[in-house]
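What follows is the content of my_file.cif (mmCIF, C-alpha atoms).
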data_protein
loop_
_atom_site.label_atom_id
_atom_site.label_comp_id
_atom_site.auth_asym_id
_atom_site.auth_seq_id
_atom_site.Cartn_x
_atom_site.Cartn_y
_atom_site.Cartn_z
CA MET A 1 -41.00 -52.02 73.09
CA PHE A 2 -40.80 -50.76 76.58
CA PRO A 3 -44.03 -51.44 78.43
CA ASP A 4 -45.04 -48.15 79.93
CA SER A 5 -46.93 -49.95 82.62
CA GLU A 6 -43.58 -51.04 84.00
CA SER A 7 -42.43 -47.52 84.51
CA PRO A 8 -41.57 -46.99 88.14
CA PRO A 9 -44.41 -45.70 90.23
CA ARG A 10 -44.35 -42.05 90.98
CA ARG A 11 -44.20 -41.14 94.59
CA ARG A 12 -46.32 -38.47 96.06
CA ILE A 13 -43.72 -35.86 96.73
CA VAL A 14 -45.72 -33.03 98.19
CA GLN A 15 -46.59 -33.90 101.72
CA LYS A 16 -49.81 -32.76 103.25
CA PRO A 17 -49.37 -29.31 104.72
CA ARG A 18 -50.80 -30.51 108.01
CA LEU A 19 -48.25 -33.27 108.25
CA VAL A 20 -45.50 -30.84 107.46
CA ALA A 21 -46.76 -28.49 110.15
CA VAL A 22 -46.89 -31.26 112.74
CA ARG A 23 -43.37 -32.36 111.89
CA LEU A 24 -42.17 -28.81 112.04
CA VAL A 25 -43.69 -28.27 115.46
CA VAL A 26 -42.27 -31.52 116.77
CA PHE A 27 -38.80 -30.86 115.52
CA LEU A 28 -38.73 -27.26 116.59
CA GLY A 29 -40.07 -28.22 119.98
CA LEU A 30 -37.47 -30.91 120.41
CA LEU A 31 -34.76 -28.58 119.34
CA ALA A 32 -35.95 -25.80 121.62
CA LEU A 33 -36.19 -28.12 124.60
CA THR A 34 -32.72 -29.46 123.97
CA VAL A 35 -31.14 -26.07 123.57
CA ARG A 36 -32.97 -24.76 126.60
CA GLY A 37 -31.82 -27.73 128.61
CA ILE A 38 -28.26 -27.21 127.60
CA PHE A 39 -28.22 -23.56 128.47
CA ALA A 40 -30.18 -24.00 131.70
CA ARG A 41 -27.72 -26.50 133.04
CA ARG A 42 -24.71 -24.88 131.43
CA VAL A 43 -23.75 -28.32 130.34
CA TYR A 44 -21.79 -26.91 127.51
CA LEU A 45 -19.33 -25.86 130.13
CA ARG A 46 -19.46 -29.14 131.98
CA SER A 47 -19.27 -31.15 128.80
CA SER A 48 -22.04 -33.54 129.65
CA SER A 49 -21.59 -35.89 126.76
CA ALA A 50 -25.09 -37.36 126.98
CA VAL A 51 -26.82 -34.01 126.66
CA LEU A 52 -24.42 -32.82 124.05
CA LEU A 53 -25.11 -35.98 122.12
CA LEU A 54 -28.82 -35.34 122.43
CA PHE A 55 -28.29 -31.83 121.21
CA TRP A 56 -26.37 -32.94 118.17
CA VAL A 57 -28.84 -35.68 117.40
CA ALA A 58 -31.68 -33.19 117.51
CA LEU A 59 -29.77 -30.66 115.46
CA THR A 60 -28.74 -33.20 112.87
CA THR A 61 -32.22 -34.61 112.64
CA PHE A 62 -33.62 -31.17 112.13
CA ALA A 63 -31.05 -30.40 109.47
CA VAL A 64 -31.86 -33.66 107.74
CA TRP A 65 -35.52 -32.85 107.79
CA VAL A 66 -34.90 -29.39 106.36
CA MET A 67 -32.72 -30.87 103.65
CA ARG A 68 -35.40 -33.36 102.77
CA GLN A 69 -37.94 -30.61 102.44
CA VAL A 70 -35.64 -28.61 100.25
CA THR A 71 -34.81 -31.49 97.99
CA ARG A 72 -38.41 -32.60 97.80
CA LEU A 73 -39.81 -29.32 96.64
CA PRO A 74 -42.12 -30.01 93.74
CA HIS A 75 -39.95 -30.14 90.70
CA PRO A 76 -41.74 -30.20 87.39
CA HIS A 77 -39.72 -33.02 86.01
CA PRO A 78 -41.16 -34.07 82.71
CA PRO A 79 -42.16 -37.63 82.18
CA HIS A 80 -40.80 -39.29 79.14
CA GLU A 81 -42.14 -37.97 75.92
CA PRO A 82 -45.63 -39.33 75.35
CA ASP A 83 -46.02 -41.89 72.66
CA ASN A 84 -48.05 -39.92 70.17
CA GLY A 85 -48.41 -42.85 67.85
CA THR A 86 -46.10 -41.50 65.22
CA ALA A 87 -44.47 -44.04 62.97
CA PRO A 88 -40.95 -45.03 63.97
CA ILE A 89 -39.48 -43.33 60.92
CA VAL A 90 -36.19 -42.59 62.63
CA THR A 91 -35.95 -46.16 63.86
CA GLN A 92 -36.10 -47.38 60.28
CA ARG A 93 -33.64 -44.73 59.19
CA PHE A 94 -31.29 -45.68 61.99
CA ASP A 95 -31.44 -49.38 61.19
CA GLN A 96 -30.93 -48.74 57.49
CA ALA A 97 -28.03 -46.41 58.22
CA ALA A 98 -26.05 -49.39 59.44
CA ALA A 99 -25.46 -50.24 55.79
CA ASN A 100 -24.58 -46.65 54.97
CA PRO A 101 -20.86 -46.31 54.18
CA ALA A 102 -20.91 -43.10 56.19
CA ALA A 103 -21.57 -45.11 59.33
CA GLN A 104 -18.40 -47.09 58.77
CA GLN A 105 -16.50 -43.84 58.42
CA LEU A 106 -17.60 -42.40 61.75
CA ARG A 107 -14.87 -42.20 64.34
CA LEU A 108 -15.53 -41.66 68.02
CA TYR A 109 -12.81 -40.62 70.46
CA PRO A 110 -13.25 -40.29 74.22
CA LEU A 111 -11.56 -37.18 75.55
CA GLN A 112 -11.00 -37.29 79.27
CA THR A 113 -11.18 -33.69 80.37
CA GLY A 114 -10.05 -33.88 83.96
CA TRP A 115 -11.40 -35.24 87.17
CA THR A 116 -14.04 -34.24 89.64
CA ARG A 117 -13.99 -35.14 93.30
CA VAL A 118 -17.23 -36.55 94.52
CA SER A 119 -18.42 -38.05 97.73
CA PHE A 120 -19.23 -41.68 97.60
CA GLY A 121 -22.81 -41.15 98.58
CA GLN A 122 -23.28 -38.39 96.04
CA PHE A 123 -22.04 -40.66 93.31
CA LEU A 124 -23.57 -43.90 94.24
CA VAL A 125 -26.38 -45.10 96.41
CA ASP A 126 -26.78 -48.74 97.13
CA MET A 127 -30.41 -49.52 97.35
CA ARG A 128 -31.09 -53.13 96.38
CA ALA A 129 -34.65 -52.35 95.55
CA GLY A 130 -35.48 -56.01 95.29
CA SER A 131 -35.82 -56.00 99.03
CA GLY A 132 -36.46 -52.31 99.35
CA CYS A 133 -33.82 -50.93 101.56
CA GLY A 134 -34.13 -54.42 102.64
CA GLN A 135 -32.13 -56.36 104.99
CA TYR A 136 -31.83 -53.57 107.49
CA GLY A 137 -35.26 -53.85 108.97
CA LYS A 138 -38.55 -52.11 108.92
CA TRP A 139 -37.18 -48.63 109.26
CA ALA A 140 -35.42 -49.07 105.99
CA ARG A 141 -38.38 -50.65 104.27
CA MET A 142 -40.58 -47.79 105.32
CA ARG A 143 -38.43 -45.56 103.21
CA ARG A 144 -38.73 -47.50 100.04
CA PRO A 145 -38.17 -46.76 97.39
CA CYS A 146 -35.04 -45.28 98.84
CA SER A 147 -34.72 -42.07 96.94
CA GLY A 148 -31.09 -41.42 97.44
CA HIS A 149 -31.19 -39.01 100.31
CA LEU A 150 -27.68 -38.85 101.54
CA PHE A 151 -28.38 -37.89 105.05
CA MET A 152 -31.17 -40.20 105.95
CA PRO A 153 -29.78 -42.66 108.46
CA THR A 154 -32.62 -45.06 107.91
CA CYS A 155 -31.59 -45.56 104.34
CA SER A 156 -29.71 -48.73 103.64
CA ASN A 157 -26.82 -47.03 101.96
CA ILE A 158 -25.40 -45.94 105.27
CA PRO A 159 -24.67 -49.42 106.64
CA HIS A 160 -23.00 -50.24 103.37
CA TRP A 161 -20.54 -47.43 103.59
CA GLY A 162 -18.44 -49.31 106.05
CA ARG A 163 -17.47 -51.96 103.60
CA TYR A 164 -16.42 -49.78 100.75
CA MET B 1 -14.31 -39.06 98.54
CA PHE B 2 -12.76 -40.14 95.32
CA TRP B 3 -12.00 -38.80 91.89
CA ALA B 4 -14.24 -39.59 88.97
CA PRO B 5 -13.23 -38.90 85.37
CA VAL B 6 -14.96 -36.28 83.28
CA HIS B 7 -15.37 -37.04 79.61
CA ALA B 8 -16.15 -35.24 76.41
CA TYR B 9 -16.24 -37.01 73.05
CA LEU B 10 -15.06 -36.19 69.57
CA LEU B 11 -17.09 -37.64 66.71
CA GLU B 12 -15.63 -37.40 63.23
CA HIS B 13 -18.49 -37.31 60.74
CA PRO B 14 -17.70 -37.89 57.05
CA THR B 15 -19.77 -34.92 55.84
CA LEU B 16 -20.19 -32.67 58.89
CA GLY B 17 -16.62 -32.81 60.09
CA PRO B 18 -15.64 -32.96 63.75
CA ILE B 19 -18.50 -32.89 66.22
CA LEU B 20 -17.93 -32.35 69.91
CA ILE B 21 -20.15 -34.02 72.46
CA ASP B 22 -20.01 -32.21 75.80
CA THR B 23 -17.03 -30.07 76.68
CA GLY B 24 -15.83 -31.12 80.12
CA ILE B 25 -14.42 -28.69 82.66
CA SER B 26 -12.23 -25.64 82.16
CA ARG B 27 -9.05 -24.53 83.88
CA ARG B 28 -10.84 -21.78 85.77
CA GLN B 29 -13.19 -24.33 87.34
CA THR B 30 -10.24 -25.92 89.10
CA GLN B 31 -9.26 -22.75 90.95
CA PRO B 32 -9.84 -22.77 94.71
CA ASP B 33 -12.99 -20.95 95.76
CA TYR B 34 -14.02 -20.43 92.14
CA TYR B 35 -17.54 -21.52 92.91
CA SER B 36 -17.86 -19.93 96.31
CA ALA B 37 -19.01 -16.58 95.05
CA ARG B 38 -20.99 -17.75 92.09
CA LYS B 39 -24.50 -18.42 93.20
CA GLY B 40 -26.64 -18.68 96.28
CA GLY B 41 -29.36 -21.13 97.15
CA LEU B 42 -29.26 -24.85 96.77
CA THR B 43 -27.37 -24.65 93.48
CA GLY B 44 -24.66 -22.58 95.12
CA LEU B 45 -24.50 -24.99 98.01
CA ILE B 46 -23.95 -27.87 95.62
CA TRP B 47 -21.44 -25.97 93.52
CA GLN B 48 -19.40 -25.03 96.54
CA SER B 49 -18.75 -28.68 97.21
CA ILE B 50 -17.19 -29.14 93.79
CA ASP B 51 -13.50 -29.83 93.47
CA ASN B 52 -12.05 -30.35 90.03
CA TRP B 53 -8.64 -31.36 88.78
CA LEU B 54 -7.49 -30.76 85.23
CA PRO B 55 -3.98 -31.83 84.19
CA ALA B 56 -2.63 -29.73 81.34
CA GLU B 57 -2.55 -32.60 78.90
CA GLN B 58 -6.24 -33.27 79.53
CA GLU B 59 -7.43 -29.78 78.70
CA LEU B 60 -9.94 -29.97 75.88
CA VAL B 61 -8.01 -27.71 73.52
CA ALA B 62 -4.88 -29.83 73.98
CA GLN B 63 -6.79 -32.98 73.24
CA LEU B 64 -8.40 -31.52 70.16
CA ALA B 65 -4.93 -30.49 68.99
CA HIS B 66 -3.83 -34.08 69.50
CA HIS B 67 -6.47 -35.05 66.94
CA GLY B 68 -5.48 -32.23 64.63
CA TYR B 69 -8.25 -29.76 65.38
CA ARG B 70 -8.52 -26.23 66.71
CA PRO B 71 -11.63 -24.99 68.53
CA GLU B 72 -12.69 -23.00 65.46
CA ASP B 73 -12.75 -26.23 63.42
CA ILE B 74 -15.67 -27.49 65.47
CA GLN B 75 -18.93 -26.56 63.79
CA HIS B 76 -21.27 -28.67 65.89
CA VAL B 77 -21.42 -29.27 69.63
CA ILE B 78 -23.98 -31.62 71.17
CA LEU B 79 -24.74 -31.30 74.87
CA THR B 80 -26.21 -34.01 77.03
CA HIS B 81 -27.15 -31.39 79.62
CA LEU B 82 -26.04 -28.05 81.06
CA HIS B 83 -24.27 -29.05 84.26
CA GLU B 84 -20.94 -27.41 84.92
CA ASP B 85 -18.79 -30.45 84.19
CA HIS B 86 -20.32 -30.80 80.73
CA VAL B 87 -20.24 -27.23 79.47
CA GLY B 88 -17.12 -25.88 81.15
CA GLU B 89 -15.21 -25.30 77.92
CA LEU B 90 -18.22 -24.55 75.76
CA TYR B 91 -17.36 -20.87 75.63
CA ARG B 92 -14.43 -21.70 73.34
CA PHE B 93 -16.86 -22.83 70.64
CA ALA B 94 -18.87 -19.66 70.23
CA GLY B 95 -18.92 -20.10 66.45
CA ALA B 96 -20.40 -23.57 66.54
CA THR B 97 -24.02 -24.65 66.41
CA VAL B 98 -24.89 -26.09 69.79
CA HIS B 99 -27.52 -28.80 69.89
CA LEU B 100 -29.43 -29.08 73.15
CA ALA B 101 -32.81 -30.49 74.13
CA ALA B 102 -35.36 -27.71 74.42
CA ALA B 103 -36.47 -29.04 77.80
CA GLU B 104 -32.96 -28.70 79.20
CA TRP B 105 -32.67 -25.16 77.92
CA ALA B 106 -35.99 -24.27 79.52
CA ASP B 107 -34.67 -25.41 82.89
CA ARG B 108 -31.24 -23.77 82.58
CA ALA B 109 -31.79 -21.46 85.53
CA ARG B 110 -31.85 -24.34 87.97
CA MET B 111 -28.50 -26.05 87.53
CA GLY B 112 -27.18 -24.73 84.23
CA TYR B 113 -23.64 -23.40 84.26
CA SER B 114 -24.10 -20.07 82.53
CA PRO B 115 -20.38 -19.10 82.21
CA GLY B 116 -20.11 -22.05 79.87
CA TYR B 117 -22.96 -21.29 77.54
CA ALA B 118 -23.35 -17.50 77.78
CA ALA B 119 -21.29 -16.82 74.67
CA ILE B 120 -23.18 -19.21 72.44
CA THR B 121 -25.34 -17.58 69.79
CA ARG B 122 -26.19 -20.42 67.43
CA TRP B 123 -28.47 -22.74 69.32
CA HIS B 124 -30.46 -25.66 68.04
CA HIS B 125 -33.01 -26.37 70.76
CA PHE B 126 -34.51 -29.55 69.44
CA THR B 127 -37.64 -31.41 70.43
CA TYR B 128 -38.19 -35.11 70.08
CA ASP B 129 -40.21 -35.34 66.91
CA GLY B 130 -38.80 -38.56 65.49
CA GLY B 131 -41.46 -40.94 66.75
CA ARG B 132 -41.00 -44.04 68.84
CA PHE B 133 -37.52 -45.52 68.97
CA TYR B 134 -37.25 -49.01 70.43
CA SER B 135 -37.66 -48.59 74.18
CA PHE B 136 -38.09 -44.82 73.93
CA ALA B 137 -41.39 -43.14 73.16
CA ALA B 138 -39.66 -40.46 71.13
CA CYS B 139 -36.32 -39.50 69.65
CA ALA B 140 -34.66 -36.87 67.48
CA ASP B 141 -32.51 -37.49 64.44
CA LEU B 142 -30.12 -34.60 64.91
CA PHE B 143 -28.68 -34.41 61.41
CA GLY B 144 -31.35 -36.23 59.43
CA ASP B 145 -29.05 -39.03 58.32
CA GLY B 146 -30.04 -41.62 60.92
CA LEU B 147 -26.52 -41.75 62.32
CA VAL B 148 -26.80 -39.56 65.40
CA ILE B 149 -29.95 -40.00 67.45
CA ALA B 150 -30.89 -38.05 70.57
CA LEU B 151 -32.81 -40.01 73.19
CA PRO B 152 -34.58 -38.31 76.10
CA THR B 153 -33.18 -39.58 79.39
CA PRO B 154 -34.43 -37.05 81.96
CA GLY B 155 -33.88 -37.45 85.66
CA HIS B 156 -30.31 -36.39 86.30
CA SER B 157 -31.41 -33.07 84.91
CA TYR B 158 -34.71 -31.81 83.63
CA GLY B 159 -33.99 -32.33 79.95
CA HIS B 160 -31.05 -34.72 80.02
CA MET B 161 -30.32 -36.42 76.72
CA SER B 162 -28.30 -39.49 75.73
CA LEU B 163 -26.81 -39.86 72.31
CA LEU B 164 -26.99 -42.95 70.15
CA ILE B 165 -24.52 -43.30 67.28
CA GLN B 166 -24.82 -45.78 64.44
CA MET B 167 -21.31 -47.02 63.73
CA GLY B 168 -22.30 -49.59 61.12
CA THR B 169 -21.65 -52.99 62.65
CA TYR B 170 -22.34 -51.77 66.15
CA GLN B 171 -23.87 -48.83 67.99
CA VAL B 172 -22.55 -46.60 70.74
CA CYS B 173 -24.70 -44.86 73.31
CA LEU B 174 -23.10 -41.96 75.13
CA ALA B 175 -25.28 -42.10 78.20
CA GLY B 176 -24.05 -38.88 79.75
CA ASP B 177 -25.02 -38.76 83.41
CA ALA B 178 -28.09 -40.93 82.96
CA LEU B 179 -25.65 -43.70 83.87
CA TYR B 180 -22.98 -42.69 86.33
CA THR B 181 -21.23 -46.01 85.85
CA LEU B 182 -21.97 -49.10 83.82
CA ARG B 183 -23.00 -50.77 87.07
CA HIS B 184 -25.89 -48.34 87.34
CA LEU B 185 -27.48 -50.16 84.42
CA ASP B 186 -29.17 -52.29 87.06
CA ALA B 187 -31.41 -49.49 88.23
CA ASP B 188 -32.94 -51.68 90.90
CA SER B 189 -29.64 -52.33 92.63
CA LEU B 190 -27.74 -49.10 92.28
CA ALA B 191 -29.18 -45.66 92.19
CA ALA B 192 -27.32 -42.45 91.70
CA PHE B 193 -27.90 -39.54 93.99
CA ASN B 194 -30.41 -37.24 92.42
CA TYR B 195 -30.58 -33.57 93.29
CA PHE B 196 -34.25 -33.36 92.57
CA GLY B 197 -35.54 -35.89 95.06
CA ALA B 198 -38.06 -38.58 94.44
CA VAL B 199 -39.48 -37.28 91.19
CA GLY B 200 -36.16 -36.89 89.47
CA PHE B 201 -35.03 -40.14 90.96
CA ALA B 202 -37.95 -42.12 89.59
CA THR B 203 -37.55 -40.43 86.22
CA GLN B 204 -33.88 -41.30 86.09
CA GLN B 205 -34.63 -44.90 87.02
CA ASP B 206 -37.09 -44.98 84.17
CA SER B 207 -34.47 -43.59 81.80
CA VAL B 208 -31.95 -46.22 82.87
CA ARG B 209 -34.46 -49.00 82.38
CA ARG B 210 -35.14 -47.75 78.88
CA LEU B 211 -31.41 -47.79 78.15
CA ALA B 212 -31.18 -51.33 79.48
CA THR B 213 -34.13 -52.36 77.34
CA LEU B 214 -32.54 -50.68 74.34
CA GLN B 215 -29.43 -52.77 74.82
CA VAL B 216 -31.56 -55.90 74.72
CA ALA B 217 -33.06 -54.75 71.44
CA LEU B 218 -29.66 -53.79 70.03
CA PRO B 219 -27.25 -56.54 71.16
CA ASP B 220 -24.28 -54.76 69.60
CA LEU B 221 -24.93 -51.60 71.57
CA VAL B 222 -22.02 -50.30 73.65
CA LEU B 223 -22.97 -48.06 76.56
CA ILE B 224 -20.50 -45.42 77.67
CA PRO B 225 -21.11 -43.47 80.90
CA THR B 226 -19.37 -40.15 81.33
CA HIS B 227 -17.96 -40.62 84.83
CA ASP B 228 -17.33 -44.34 85.19
CA PRO B 229 -14.20 -44.61 87.38
CA PHE B 230 -13.69 -48.33 86.85
CA ALA B 231 -11.57 -50.50 84.63
CA TYR B 232 -14.36 -50.35 82.07
CA THR B 233 -13.26 -46.82 81.26
CA PHE B 234 -9.52 -46.99 81.73
CA THR B 235 -8.58 -50.41 80.43
CA LEU B 236 -11.35 -50.97 77.89
CA ILE B 237 -13.18 -47.92 76.50
CA GLN B 238 -10.31 -45.44 76.42
CA PRO B 239 -7.67 -47.69 74.82
CA PHE B 240 -10.15 -49.45 72.56
CA LEU B 241 -11.43 -46.18 71.12
CA ALA B 242 -7.99 -44.66 70.72
CA ASP B 243 -8.37 -45.30 66.98
CA GLY B 244 -11.97 -44.13 66.95
CA GLN B 245 -13.63 -47.49 66.41
CA LEU B 246 -14.14 -50.86 68.05
CA SER B 247 -12.94 -54.07 66.51
CA PRO B 248 -15.00 -57.26 66.90
CA ALA B 249 -12.49 -58.52 69.47
CA GLU B 250 -12.78 -55.30 71.45
CA ARG B 251 -16.56 -55.48 71.41
CA ALA B 252 -16.36 -59.05 72.61
CA ALA B 253 -14.15 -57.91 75.49
CA LEU B 254 -16.67 -55.23 76.42
CA GLN B 255 -19.49 -57.76 76.38
CA GLU B 256 -17.44 -60.13 78.51
CA TYR B 257 -16.84 -57.36 81.03
CA GLN B 258 -20.54 -56.63 81.18
CA GLN B 259 -21.31 -60.31 81.66
CA ARG B 260 -18.96 -60.32 84.63
CA LEU B 261 -21.01 -57.54 86.19
CA PHE B 262 -24.55 -58.74 85.52
CA ASP B 263 -26.31 -62.07 85.55
CA SER B 264 -28.55 -63.21 82.74
CA ARG B 265 -31.46 -61.20 84.14
CA GLY B 266 -29.44 -58.02 84.18
CA VAL B 267 -29.05 -58.02 87.95
CA LEU B 268 -25.77 -56.72 89.28
CA LYS B 269 -23.81 -59.56 90.80
CA THR B 270 -22.93 -59.21 94.44
CA GLU B 271 -19.23 -59.54 93.75
CA ALA B 272 -19.51 -56.68 91.26
CA TYR B 273 -20.78 -54.22 93.81
CA PRO B 274 -18.45 -51.25 93.74
CA ARG B 275 -15.79 -50.81 96.33
CA PHE B 276 -14.13 -47.47 96.30
CA GLU B 277 -10.79 -46.67 97.80
CA GLN B 278 -10.53 -43.46 99.68
CA VAL B 279 -8.26 -40.83 98.26
CA ARG B 280 -5.67 -39.40 100.55
CA GLN B 281 -6.93 -36.96 103.11
CA ASP B 282 -4.75 -34.21 101.71
CA TYR B 283 -6.60 -34.70 98.46
CA GLY B 284 -3.31 -35.43 96.81
CA ARG B 285 -3.74 -35.72 93.11
CA VAL B 286 -3.19 -39.44 93.23
CA HIS B 287 -5.48 -41.73 91.40
CA ALA B 288 -5.14 -45.36 90.61
CA PRO B 289 -7.60 -46.89 88.20
CA LEU B 290 -10.16 -48.84 90.14
CA PRO B 291 -10.95 -52.47 89.43
#

Here is a file; write its structure as C-alpha cells.
Amino acid sequence: MFPDSESPPRRRIVQKPRLVAVRLVVFLGLLALTVRGIFARRVYLRSSSAVLLLFWVALTTFAVWVMRQVTRLPHPHPPHEPDNGTAPIVTQRFDQAAANPAAQQLRLYPLQTGWTRVSFGQFLVDMRAGSGCGQYGKWARMRRPCSGHLFMPTCSNIPHWGRY
Amino acid sequence: MFWAPVHAYLLEHPTLGPILIDTGISRRQTQPDYYSARKGGLTGLIWQSIDNWLPAEQELVAQLAHHGYRPEDIQHVILTHLHEDHVGELYRFAGATVHLAAAEWADRARMGYSPGYAAITRWHHFTYDGGRFYSFAACADLFGDGLVIALPTPGHSYGHMSLLIQMGTYQVCLAGDALYTLRHLDADSLAAFNYFGAVGFATQQDSVRRLATLQVALPDLVLIPTHDPFAYTFTLIQPFLADGQLSPAERAALQEYQQRLFDSRGVLKTEAYPRFEQVRQDYGRVHAPLP
C-alpha cells in the first residue's frame, strides 16, 4: 500500500499579504522608475540599448510576478480520497475478474484523434528533484520544489532548453 | 513547439458493447481563431494558445466507422476529465451515458470545455466508493463487474481520473493526462506543467507516484498516456493494440522499453531524457515520430 506519509509535502501557496504588498511596491517602483527614466531621457528615440534592456527586464520580471500570482491563487484542489477504512471489495473483485472469461473478451483500441501543438515547457518541465532544481546553484534551489512555472528564469528547466 | 498526439480509446465490452473513453478534438477546434472569442480570463488566455490539427482519417467518427460503429452505437462514454482535447467530439454522443468523476463536474467552470458536454443529458457523476485499491485510497467500479475501475488522479485537473482495465492476463491503465508521457512516471525527474500552480502540481506528483506504485503491485500493468509523442506510442502501443489486445511478446516488448527508460529504482535514466525536435517555423503539418 502507498504510505501516505510519503505523499509530497504541500507548499504554502498563499503568501502573506504583507509580503505580497512589499513585492508589489518594489516591482511597481522599479517599473515606474524605469519608465520614467526612459521617457525623461527620450532614450526610446536614441535607442540606448542598456536602458531599453533594463526596461524590458523590469517589464518581464513584473509580468512574471503577475503570472505567478495568478497561477498561485488558492485553488481548492482536493487531496486524494481519504482512506475511510472500507474493505478493498473492489480490489478483490478486480483480482478475481482476471479469471472471468469476460476479461479475455475485452478489446481495447487506441484512436488517435489528431494532434495538438504545445510548447516544450508547457508539456514538460525538467526538474530533477533529487537535487532540487539542482546543479544550477542556490537560486534554483531556493525555488524547490520547482513547481513548473514556465517563466521563472531561476527554474532549472530554462538552462535545459538549449539542449533539446 | 511540437505536435503531441491526442488519443481517445474504444473498449469493446462483451455485455455492454462499445465503450468510448474520451473523445479527442473536433474539426471545429482546428479552425483558426476558434478559441479567440470563446472565453476571457486565464482560461481564455490558455485556450487562445491552442493549435490543433485533425487529419480527416483521424476524425473520431471515421475511426469508429473503421471499427464498424456509428456514434449512436456508443451507449457509454467515460471521461478522464473535461479539458477541450478530451471532450471535443462528445457532443456527437448525446444519447450515451457519460461517466465522469463528480469532483471534475463540480469544477467544470474552470477549465471545462462546455461546447463538448453541453448536449449531454445522461450523466453518471460517480464518487469513489469502492474502498482502498492498492496504492489508491479509493476507487470506483464503474460497471460493477470488476473489469473497469476508475482511480482518482487529481492534479492535472480538479477531478482527473485514470482508468484501469482488467484484460485477464494483464491490465491496462489509461492514465489520461496524469501522465503526459511514460517518462513522467518518474515524478521526481520530470514534471508536467500544471495550470494550477503548486497545489495542483503536488497533487499531480502524488497521483503519478500512486500510479508508479500500482505498477509495482501489478507487474503486468501497461500504462498508456494520452499524449506521449515518443516511439512508445507510435511503434509499440498503436500497432500492438491494432487487434485490441496485447500478446505476451508485445507485453515483453513494452516492459523492455520501460526498462530502457528507467533504472531498477524507477529513476529516469539520463540518456532517456526527452529531446524534442522543433517543428518547422511555418508550423507545417510535418511530424516524424520521435525516438

Quote the spacing between CA of Val267 (chain B) and CA of Asp186 (chain B) in Å to one decimal place.
5.8 Å

Point out the residue among B:His13, B:His76, B:Arg92, B:Arg260 with the least atom-to-atom distance to chain A, counting only C-alpha atoms.
B:His13

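One finds CA of Tyr158 (chain B) at 11.1 Å from CA of Phe201 (chain B).
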
Got a sec to check which residues sit within 8 Å of (-38.4, -50.1, 66.3), counting only C-alpha atoms, and write them as a list in words?
Met1, Pro88, Thr91 and Gln92 of chain A; Arg132, Phe133 and Tyr134 of chain B

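The gap separating CA of Phe240 (chain B) from CA of Ser189 (chain B) is 28.1 Å, in Å to one decimal.
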
Considering all atoms listed in the file, can you say which of A:Phe94, A:Leu24, A:Arg36, A:Arg117 comes closest to Ala63 (chain A)?
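Smallest separation from Ala63 (chain A) among the options: A:Leu24.
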